Amino acid sequence: MFDEPFAHGKAPIHRLDPRARLLMGLAFCLAVASVKSMGSAALAVAVAGALLAAAAPPLPALLRRLGAIAGFLLMLWLTIPWVLPGPPALVWGPVTASWPGIHLAALATLKGLAIVLATTALVASMTIATLGHALSALGTPTRLVVLLLFTYRHIFSLFASWTRLWDAARLRGFIPRTTSHSYHTLATMVGVLLLRALDQAHRSREAMLLRGFTGQLASITLLQARPRDWGLTTAFLLGSVALVILDALHPWP
Amino acid sequence: MHIAEGVLSPIVLASGGVLTAAGTAIGMRHIKEEHLMIVALLAAAFFVASLVHIPIGPASAHLIMNGVAGLLLGWGAFPAILMGLTLQAVFFQYGGLLVLGVNTWNMAAPAVLLGFLCRPWLARPGKGRATAAFACGAGSVLGAGVMAALALVFTEEGFLRAAQVLLVAHLPVAVAEGFVTALLVQFLAHARPEALGLS
């Protein structure tokens with residue numbers, strides 16, 4: 001379920017310093033979010049696609065990820081083109097799709113696709129543990145990073161705990177329905193999960209204190225940037241700025 | 001519901017980022033050193049609970065649990081929800097990293113507000129407690145829907161109808177979440193009253 005399918009490859013992206021990947025992703029996504037023309041958005045999708053190719057992602061996991069944004073985009077496509085006024089592009093019985101509506105929905109789709117492909121290539125390509133240490137190296141407050149790493153560390157055991165509760169309920173013939181009994185059962189199971197989390201928190205904290213935890217992070221992952229990493233990051237920053245300028249000049253629709 | 005990447009304008013994204021950063025900073029200041037692990041574990045539990053689907057008639061929705069986070073953690077709900085949404089964005093691409101600020105604000109702001117308003121009522125056993133918990137659970141989901149709809153409309157007036165659809169879709173989810181929150185709080189009040197600050 002949480003096996004981080006993009007994080008364990010040996011593709012060119014994985015050899016980049018995680019800090020460089022985060023900065024590249026941030027610059028690129030900020031630039032993409034600000035573009036207003038279809039041409040710039042299409043260019044951004046092409047760049048993001050190239051990044052993704054450099055991360056060599058497993059295809060089934062990638063399709064699942066794209067499925068996650070499909071629902072929201074579908075809602076946009078089902079509303080915007082049909083209600084936004086403008087010259088009609090498609091007449092279908094009593095409803096009309098307008099050009100400005102289609103433009104708006106298509107632009108959101110392209111921009112969303114570019115950002116999702118880029119963050120999958122640049123950020124999902126590291127484990128949460130590496131992400132935490134890279135964020136810390138880039139100046140994120142230590143307590144916040146510690147919180148992220150502790151949360152990450154414990155979702156596995158709590159999910160296993162939930163699976164046990166769920167299996168036990170199913171073995172007793174529980175099938176969730178829209179009934180007060182079902183809601184009662186589910187709420188109690190979630191309550192048990194929260195109580196187990198609270199108990200685990202005390203045990204974990206005591207175990208950490210026993211091992212001399214002082215609130216500081218100690219990482220066995222060594223972050224080592226080579227000149228190539230920073231060169232690539234700089235080039236990417238400049239490229240992102242160029243995308244914004246190009247978009248502002250409106251050379252295409 | 002999470003707003004997807006690529007939809008919101010840079011100004012809305014930046015506003016969400018600044019508001020969430022402020023809420024998280026206040027939240028982290030309220031969390032004492034010895035309670036950091038509790039917030040992490042509760043954030044992990046909320047993350048797992050958000051994978052649980054509850055049936056609503058022929059459809060189903062996943063739990064959101066932002067109201068419970070507001071009741072249990074107060075301002076601490078900001079960092080806890082930020083952690084949950086970060087993990088969801090990286091693992092599953094629910095929401096996304098660039099819209100993380102907006103999505104966190106949407107879910108945490110109503111939860112913190114309603115958590116503070118409803119908390120005093122939890123001390124009254126019976127109807128008062130159940131009603132307050134229902135209001136907090138349902139209101140936090142509805143508030144998240146209102147915030148998400150506002151983020152869409154502030155971005156582009158053409159998103160108005162999409163925002164309305166989004167808001168209406170939140171209604172049944174809010175009612176279901178309200179019932180689960182009420183039952184959950186009743187359970188916690190019996191099993192572990194000190195978790196709710198009662199004892």
# chains A, B, ... in the order shown; residues from 1 in each chain; ligands from 1
$ residues_around --residues "region 175-189 of chain A" --least-positions-apart "3" --cutoff "7 Å" --atoms "only C-alpha atoms" --output "ChimeraX atom specification"
/A:165,170,192-193 /B:55-57,180,183-184,187
$ select_by_dssp --residues "chain B" --states "alpha helix (DSSP H)" --output "PyMOL selection string"
chain B and resi 10-30+36-49+66-73+77-92+100-118+127-155+160-191
$ interface_residues --of "chain B" --to "chain A" --cutoff "7 Å" --atoms "only C-alpha atoms" --output "CSV table (one decimal) with N, CA and C atoms, in the first residue's frame"
chain,number,residue,atom,x,y,z
B,4,ALA,N,-7.1,19.4,-7.0
B,4,ALA,CA,-6.0,18.8,-7.8
B,4,ALA,C,-5.0,19.9,-8.2
B,5,GLU,N,-3.8,19.4,-8.6
B,5,GLU,CA,-2.8,20.4,-9.1
B,5,GLU,C,-3.2,21.0,-10.4
B,6,GLY,N,-2.7,22.2,-10.7
B,6,GLY,CA,-2.9,22.8,-12.0
B,6,GLY,C,-4.1,23.7,-12.1
B,7,VAL,N,-5.0,23.6,-11.1
B,7,VAL,CA,-6.3,24.3,-11.2
B,7,VAL,C,-6.2,25.7,-10.6
B,9,SER,N,-5.0,29.5,-9.1
B,9,SER,CA,-4.1,30.6,-9.6
B,9,SER,C,-2.9,30.7,-8.6
B,10,PRO,N,-1.8,31.3,-9.0
B,10,PRO,CA,-0.7,31.5,-8.1
B,10,PRO,C,-1.0,32.3,-6.9
B,36,LEU,N,5.0,15.7,21.2
B,36,LEU,CA,5.2,15.6,19.7
B,36,LEU,C,4.9,14.3,19.2
B,37,MET,N,5.3,13.2,20.0
B,37,MET,CA,5.1,11.8,19.5
B,37,MET,C,3.6,11.6,19.4
B,38,ILE,N,2.8,12.1,20.4
B,38,ILE,CA,1.3,11.9,20.4
B,38,ILE,C,0.7,12.5,19.1
B,40,ALA,N,2.3,13.0,16.3
B,40,ALA,CA,2.7,12.2,15.1
B,40,ALA,C,1.9,10.9,15.0
B,41,LEU,N,1.6,10.3,16.2
B,41,LEU,CA,0.8,9.0,16.1
B,41,LEU,C,-0.6,9.3,15.7
B,42,LEU,N,-1.2,10.4,16.2
B,42,LEU,CA,-2.6,10.7,15.9
B,42,LEU,C,-2.6,11.1,14.4
B,43,ALA,N,-1.6,11.8,13.9
B,43,ALA,CA,-1.6,12.1,12.5
B,43,ALA,C,-1.6,10.9,11.6
B,44,ALA,N,-0.7,9.9,12.1
B,44,ALA,CA,-0.7,8.6,11.4
B,44,ALA,C,-2.0,7.9,11.5
B,45,ALA,N,-2.7,7.9,12.6
B,45,ALA,CA,-4.0,7.3,12.8
B,45,ALA,C,-5.0,7.9,11.9
B,48,VAL,N,-4.5,6.7,8.4
B,48,VAL,CA,-5.0,5.4,8.2
B,48,VAL,C,-6.5,5.4,8.1
B,49,ALA,N,-7.1,6.2,9.0
B,49,ALA,CA,-8.6,6.3,9.0
B,49,ALA,C,-9.1,6.9,7.7
B,55,PRO,N,-20.0,3.4,3.9
B,55,PRO,CA,-21.1,3.4,2.9
B,55,PRO,C,-22.1,4.5,3.2
B,56,ILE,N,-22.5,5.2,2.1
B,56,ILE,CA,-23.5,6.2,2.2
B,56,ILE,C,-24.5,5.9,1.1
B,57,GLY,N,-25.6,5.2,1.4
B,57,GLY,CA,-26.5,4.7,0.4
B,57,GLY,C,-25.8,3.8,-0.6
B,83,MET,N,0.8,16.9,7.9
B,83,MET,CA,1.5,15.7,7.7
B,83,MET,C,0.7,14.6,6.9
B,90,VAL,N,2.4,12.5,-1.6
B,90,VAL,CA,3.6,11.8,-2.1
B,90,VAL,C,3.2,10.4,-2.5
B,91,PHE,N,2.4,9.7,-1.6
B,91,PHE,CA,2.1,8.3,-1.9
B,91,PHE,C,1.1,8.1,-3.0
B,92,PHE,N,0.0,8.9,-3.0
B,92,PHE,CA,-1.1,8.6,-3.9
B,92,PHE,C,-1.5,9.7,-4.9
B,93,GLN,N,-0.8,10.9,-4.8
B,93,GLN,CA,-1.2,12.0,-5.6
B,93,GLN,C,-2.6,12.5,-5.3
B,94,TYR,N,-3.1,12.2,-4.1
B,94,TYR,CA,-4.4,12.9,-3.6
B,94,TYR,C,-4.0,14.3,-3.3
B,158,GLY,N,-15.2,31.4,-13.8
B,158,GLY,CA,-15.7,30.2,-14.6
B,158,GLY,C,-15.8,28.9,-13.8
B,159,PHE,N,-15.1,28.9,-12.7
B,159,PHE,CA,-15.2,27.7,-11.8
B,159,PHE,C,-16.4,27.6,-10.9
B,161,ARG,N,-19.6,27.0,-11.2
B,161,ARG,CA,-20.5,25.8,-11.2
B,161,ARG,C,-19.8,24.6,-10.6
B,162,ALA,N,-18.5,24.4,-11.0
B,162,ALA,CA,-17.7,23.3,-10.4
B,162,ALA,C,-17.6,23.5,-8.9
B,180,VAL,N,-20.3,9.5,12.5
B,180,VAL,CA,-19.1,8.7,12.9
B,180,VAL,C,-18.4,9.5,14.0
B,183,LEU,N,-20.3,9.1,17.3
B,183,LEU,CA,-20.2,7.8,17.9
B,183,LEU,C,-18.8,7.6,18.4
B,184,LEU,N,-17.8,8.1,17.7
B,184,LEU,CA,-16.4,8.0,18.1
B,184,LEU,C,-16.1,8.7,19.4
B,187,PHE,N,-17.5,6.8,22.3
B,187,PHE,CA,-16.6,5.7,22.6
B,187,PHE,C,-15.4,6.2,23.4
B,188,LEU,N,-14.8,7.2,22.9
B,188,LEU,CA,-13.6,7.7,23.6
B,188,LEU,C,-13.9,8.2,25.0
$ closest_residue --among "B:Met107, B:Ala61, B:Ile54, B:Met28" --to "Ala169 (chain B)" --atoms "only C-alpha atoms"
B:Ala61
$ residues_around --residues "Val112 (chain B)" --least-positions-apart "2" --cutoff "8 Å" --atoms "only C-alpha atoms" --output "ChimeraX atom specification"
/B:67,70-71,74-75,77-78,108-110,114-116
$ write_last_selection --atoms "all heavy atoms" --output "PDB file, in the first residue's frame"
ATOM      1  N   GLY B  67     -12.474  17.007  11.833  1.00  0.00           N
ATOM      2  CA  GLY B  67     -13.173  17.462  13.030  1.00  0.00           C
ATOM      3  C   GLY B  67     -12.621  16.804  14.286  1.00  0.00           C
ATOM      4  O   GLY B  67     -12.408  17.475  15.310  1.00  0.00           O
ATOM      5  N   GLY B  70      -9.420  18.397  15.190  1.00  0.00           N
ATOM      6  CA  GLY B  70      -9.642  19.683  15.847  1.00  0.00           C
ATOM      7  C   GLY B  70     -10.027  19.509  17.304  1.00  0.00           C
ATOM      8  O   GLY B  70      -9.541  20.237  18.179  1.00  0.00           O
ATOM      9  N   LEU B  71     -10.892  18.521  17.584  1.00  0.00           N
ATOM     10  CA  LEU B  71     -11.331  18.281  18.965  1.00  0.00           C
ATOM     11  C   LEU B  71     -10.180  17.804  19.843  1.00  0.00           C
ATOM     12  O   LEU B  71     -10.024  18.245  20.981  1.00  0.00           O
ATOM     13  CB  LEU B  71     -12.433  17.214  18.991  1.00  0.00           C
ATOM     14  CG  LEU B  71     -13.855  17.656  18.660  1.00  0.00           C
ATOM     15  CD1 LEU B  71     -14.773  16.444  18.653  1.00  0.00           C
ATOM     16  CD2 LEU B  71     -14.349  18.689  19.650  1.00  0.00           C
ATOM     17  N   GLY B  74      -6.694  20.696  18.905  1.00  0.00           N
ATOM     18  CA  GLY B  74      -6.770  22.158  18.835  1.00  0.00           C
ATOM     19  C   GLY B  74      -5.909  22.679  17.691  1.00  0.00           C
ATOM     20  O   GLY B  74      -5.973  22.159  16.575  1.00  0.00           O
ATOM     21  N   TRP B  75      -5.044  23.670  17.997  1.00  0.00           N
ATOM     22  CA  TRP B  75      -4.146  24.215  16.969  1.00  0.00           C
ATOM     23  C   TRP B  75      -3.220  23.155  16.392  1.00  0.00           C
ATOM     24  O   TRP B  75      -2.740  23.267  15.264  1.00  0.00           O
ATOM     25  CB  TRP B  75      -3.291  25.355  17.541  1.00  0.00           C
ATOM     26  CG  TRP B  75      -4.006  26.651  17.584  1.00  0.00           C
ATOM     27  CD1 TRP B  75      -4.551  27.246  18.684  1.00  0.00           C
ATOM     28  CD2 TRP B  75      -4.266  27.548  16.484  1.00  0.00           C
ATOM     29  NE1 TRP B  75      -5.140  28.432  18.324  1.00  0.00           N
ATOM     30  CE2 TRP B  75      -4.975  28.646  16.995  1.00  0.00           C
ATOM     31  CE3 TRP B  75      -3.961  27.510  15.116  1.00  0.00           C
ATOM     32  CZ2 TRP B  75      -5.385  29.713  16.190  1.00  0.00           C
ATOM     33  CZ3 TRP B  75      -4.374  28.564  14.313  1.00  0.00           C
ATOM     34  CH2 TRP B  75      -5.071  29.646  14.858  1.00  0.00           C
ATOM     35  N   ALA B  77      -3.983  20.536  15.231  1.00  0.00           N
ATOM     36  CA  ALA B  77      -4.583  19.919  14.044  1.00  0.00           C
ATOM     37  C   ALA B  77      -3.898  20.409  12.768  1.00  0.00           C
ATOM     38  O   ALA B  77      -3.837  19.672  11.779  1.00  0.00           O
ATOM     39  CB  ALA B  77      -6.082  20.221  13.996  1.00  0.00           C
ATOM     40  N   PHE B  78      -3.391  21.648  12.778  1.00  0.00           N
ATOM     41  CA  PHE B  78      -2.712  22.166  11.565  1.00  0.00           C
ATOM     42  C   PHE B  78      -1.517  21.304  11.173  1.00  0.00           C
ATOM     43  O   PHE B  78      -1.499  20.753  10.059  1.00  0.00           O
ATOM     44  CB  PHE B  78      -2.289  23.628  11.771  1.00  0.00           C
ATOM     45  CG  PHE B  78      -3.209  24.599  11.101  1.00  0.00           C
ATOM     46  CD1 PHE B  78      -4.139  25.305  11.839  1.00  0.00           C
ATOM     47  CD2 PHE B  78      -3.164  24.788   9.731  1.00  0.00           C
ATOM     48  CE1 PHE B  78      -5.006  26.194  11.219  1.00  0.00           C
ATOM     49  CE2 PHE B  78      -4.025  25.675   9.107  1.00  0.00           C
ATOM     50  CZ  PHE B  78      -4.947  26.382   9.847  1.00  0.00           C
ATOM     51  N   ALA B 108      -7.961  22.245   7.809  1.00  0.00           N
ATOM     52  CA  ALA B 108      -7.562  22.500   9.193  1.00  0.00           C
ATOM     53  C   ALA B 108      -8.269  23.713   9.787  1.00  0.00           C
ATOM     54  O   ALA B 108      -8.645  23.690  10.960  1.00  0.00           O
ATOM     55  CB  ALA B 108      -6.048  22.673   9.280  1.00  0.00           C
ATOM     56  N   ALA B 109      -8.475  24.769   9.002  1.00  0.00           N
ATOM     57  CA  ALA B 109      -9.043  25.997   9.574  1.00  0.00           C
ATOM     58  C   ALA B 109     -10.435  25.755  10.175  1.00  0.00           C
ATOM     59  O   ALA B 109     -10.666  26.108  11.344  1.00  0.00           O
ATOM     60  CB  ALA B 109      -9.067  27.099   8.520  1.00  0.00           C
ATOM     61  N   PRO B 110     -11.392  25.125   9.443  1.00  0.00           N
ATOM     62  CA  PRO B 110     -12.698  24.876  10.071  1.00  0.00           C
ATOM     63  C   PRO B 110     -12.583  23.919  11.258  1.00  0.00           C
ATOM     64  O   PRO B 110     -13.314  24.067  12.243  1.00  0.00           O
ATOM     65  CB  PRO B 110     -13.531  24.233   8.962  1.00  0.00           C
ATOM     66  CG  PRO B 110     -12.759  24.344   7.714  1.00  0.00           C
ATOM     67  CD  PRO B 110     -11.342  24.641   8.053  1.00  0.00           C
ATOM     68  N   LEU B 114     -13.983  24.914  14.894  1.00  0.00           N
ATOM     69  CA  LEU B 114     -15.076  24.149  15.477  1.00  0.00           C
ATOM     70  C   LEU B 114     -14.602  23.325  16.674  1.00  0.00           C
ATOM     71  O   LEU B 114     -15.370  23.106  17.619  1.00  0.00           O
ATOM     72  CB  LEU B 114     -15.716  23.244  14.421  1.00  0.00           C
ATOM     73  CG  LEU B 114     -16.593  24.009  13.435  1.00  0.00           C
ATOM     74  CD1 LEU B 114     -16.977  23.141  12.259  1.00  0.00           C
ATOM     75  CD2 LEU B 114     -17.851  24.508  14.138  1.00  0.00           C
ATOM     76  N   GLY B 115     -13.338  22.895  16.645  1.00  0.00           N
ATOM     77  CA  GLY B 115     -12.785  22.170  17.788  1.00  0.00           C
ATOM     78  C   GLY B 115     -12.872  23.022  19.046  1.00  0.00           C
ATOM     79  O   GLY B 115     -13.316  22.565  20.093  1.00  0.00           O
ATOM     80  N   PHE B 116     -12.473  24.299  18.913  1.00  0.00           N
ATOM     81  CA  PHE B 116     -12.528  25.201  20.070  1.00  0.00           C
ATOM     82  C   PHE B 116     -13.966  25.472  20.505  1.00  0.00           C
ATOM     83  O   PHE B 116     -14.265  25.518  21.696  1.00  0.00           O
ATOM     84  CB  PHE B 116     -11.815  26.520  19.768  1.00  0.00           C
ATOM     85  CG  PHE B 116     -10.332  26.427  19.935  1.00  0.00           C
ATOM     86  CD1 PHE B 116      -9.478  26.651  18.871  1.00  0.00           C
ATOM     87  CD2 PHE B 116      -9.779  26.095  21.163  1.00  0.00           C
ATOM     88  CE1 PHE B 116      -8.099  26.539  19.017  1.00  0.00           C
ATOM     89  CE2 PHE B 116      -8.408  25.981  21.329  1.00  0.00           C
ATOM     90  CZ  PHE B 116      -7.571  26.205  20.253  1.00  0.00           C
TER      91      PHE B 116
END
$ atom_distance --atom1 "CA of Leu13 (chain B)" --atom2 "CA of Arg29 (chain B)"
24.2 Å
$ select_by_dssp --residues "region 26-66 of chain B" --states "strand (DSSP E or B)" --output "list in words"
His53, Ile54, Pro55, Ile56, Ala59, Ser60, Ala61 and His62 of chain B
$ write_last_selection --atoms "N, CA and C atoms" --output "mmCIF file, in the first residue's frame"
data_model
loop_
_atom_site.group_PDB
_atom_site.id
_atom_site.type_symbol
_atom_site.label_atom_id
_atom_site.label_comp_id
_atom_site.auth_asym_id
_atom_site.auth_seq_id
_atom_site.Cartn_x
_atom_site.Cartn_y
_atom_site.Cartn_z
ATOM 1 N N HIS B 53 -13.382 3.440 3.999
ATOM 2 C CA HIS B 53 -14.566 3.909 3.280
ATOM 3 C C HIS B 53 -15.816 3.593 4.071
ATOM 4 N N ILE B 54 -16.692 4.613 4.201
ATOM 5 C CA ILE B 54 -17.963 4.356 4.866
ATOM 6 C C ILE B 54 -19.066 4.386 3.814
ATOM 7 N N PRO B 55 -19.988 3.419 3.886
ATOM 8 C CA PRO B 55 -21.070 3.398 2.899
ATOM 9 C C PRO B 55 -22.070 4.523 3.159
ATOM 10 N N ILE B 56 -22.461 5.215 2.087
ATOM 11 C CA ILE B 56 -23.521 6.225 2.167
ATOM 12 C C ILE B 56 -24.509 5.863 1.067
ATOM 13 N N ALA B 59 -23.468 4.769 -2.621
ATOM 14 C CA ALA B 59 -22.088 5.200 -2.819
ATOM 15 C C ALA B 59 -21.303 5.012 -1.522
ATOM 16 N N SER B 60 -20.058 5.462 -1.536
ATOM 17 C CA SER B 60 -19.299 5.465 -0.289
ATOM 18 C C SER B 60 -18.319 6.623 -0.327
ATOM 19 N N ALA B 61 -17.858 7.020 0.850
ATOM 20 C CA ALA B 61 -16.878 8.099 0.924
ATOM 21 C C ALA B 61 -15.841 7.702 1.951
ATOM 22 N N HIS B 62 -14.642 8.272 1.832
ATOM 23 C CA HIS B 62 -13.652 7.942 2.856
ATOM 24 C C HIS B 62 -13.775 8.928 4.007
#
$ atom_distance --atom1 "CA of Gly137 (chain B)" --atom2 "CA of Pro172 (chain B)"
12.3 Å
$ residues_around --residues "region 49-58 of chain A" --least-positions-apart "4" --cutoff "6 Å" --atoms "only C-alpha atoms" --output "MDAnalysis selection string"
chainID A and resid 6 11:13 45 121
$ write_last_selection --atoms "all heavy atoms" --output "PDB file, in the first residue's frame"
ATOM      1  N   PHE A   6       8.139   4.525  -6.736  1.00  0.00           N
ATOM      2  CA  PHE A   6       9.023   5.318  -7.605  1.00  0.00           C
ATOM      3  C   PHE A   6      10.389   5.559  -6.976  1.00  0.00           C
ATOM      4  O   PHE A   6      11.279   6.088  -7.602  1.00  0.00           O
ATOM      5  CB  PHE A   6       8.380   6.676  -7.907  1.00  0.00           C
ATOM      6  CG  PHE A   6       6.999   6.545  -8.481  1.00  0.00           C
ATOM      7  CD1 PHE A   6       5.878   6.741  -7.693  1.00  0.00           C
ATOM      8  CD2 PHE A   6       6.815   6.213  -9.822  1.00  0.00           C
ATOM      9  CE1 PHE A   6       4.609   6.606  -8.225  1.00  0.00           C
ATOM     10  CE2 PHE A   6       5.549   6.075 -10.351  1.00  0.00           C
ATOM     11  CZ  PHE A   6       4.443   6.275  -9.553  1.00  0.00           C
ATOM     12  N   ALA A  11      17.492   4.997 -11.958  1.00  0.00           N
ATOM     13  CA  ALA A  11      17.460   5.828 -13.154  1.00  0.00           C
ATOM     14  C   ALA A  11      18.265   7.115 -12.910  1.00  0.00           C
ATOM     15  O   ALA A  11      18.653   7.396 -11.773  1.00  0.00           O
ATOM     16  CB  ALA A  11      16.011   6.160 -13.482  1.00  0.00           C
ATOM     17  N   PRO A  12      18.543   7.906 -13.985  1.00  0.00           N
ATOM     18  CA  PRO A  12      19.342   9.135 -13.819  1.00  0.00           C
ATOM     19  C   PRO A  12      18.807  10.065 -12.732  1.00  0.00           C
ATOM     20  O   PRO A  12      19.589  10.657 -11.980  1.00  0.00           O
ATOM     21  CB  PRO A  12      19.238   9.795 -15.195  1.00  0.00           C
ATOM     22  CG  PRO A  12      19.001   8.681 -16.140  1.00  0.00           C
ATOM     23  CD  PRO A  12      18.237   7.635 -15.391  1.00  0.00           C
ATOM     24  N   ILE A  13      17.452  10.179 -12.610  1.00  0.00           N
ATOM     25  CA  ILE A  13      16.880  11.072 -11.596  1.00  0.00           C
ATOM     26  C   ILE A  13      17.296  10.654 -10.187  1.00  0.00           C
ATOM     27  O   ILE A  13      17.582  11.493  -9.332  1.00  0.00           O
ATOM     28  CB  ILE A  13      15.326  11.055 -11.694  1.00  0.00           C
ATOM     29  CG1 ILE A  13      14.860  11.854 -12.916  1.00  0.00           C
ATOM     30  CG2 ILE A  13      14.686  11.592 -10.421  1.00  0.00           C
ATOM     31  CD1 ILE A  13      14.741  13.338 -12.711  1.00  0.00           C
ATOM     32  N   VAL A  45       4.198  20.211 -20.198  1.00  0.00           N
ATOM     33  CA  VAL A  45       3.894  18.767 -20.143  1.00  0.00           C
ATOM     34  C   VAL A  45       5.038  17.981 -20.798  1.00  0.00           C
ATOM     35  O   VAL A  45       5.458  16.935 -20.280  1.00  0.00           O
ATOM     36  CB  VAL A  45       2.554  18.448 -20.841  1.00  0.00           C
ATOM     37  CG1 VAL A  45       2.337  16.946 -20.931  1.00  0.00           C
ATOM     38  CG2 VAL A  45       1.394  19.079 -20.081  1.00  0.00           C
ATOM     39  N   ALA A 121       8.209  12.564 -10.822  1.00  0.00           N
ATOM     40  CA  ALA A 121       9.598  12.298 -11.217  1.00  0.00           C
ATOM     41  C   ALA A 121      10.585  12.803 -10.173  1.00  0.00           C
ATOM     42  O   ALA A 121      11.568  12.132  -9.866  1.00  0.00           O
ATOM     43  CB  ALA A 121       9.879  12.955 -12.565  1.00  0.00           C
TER      44      ALA A 121
END
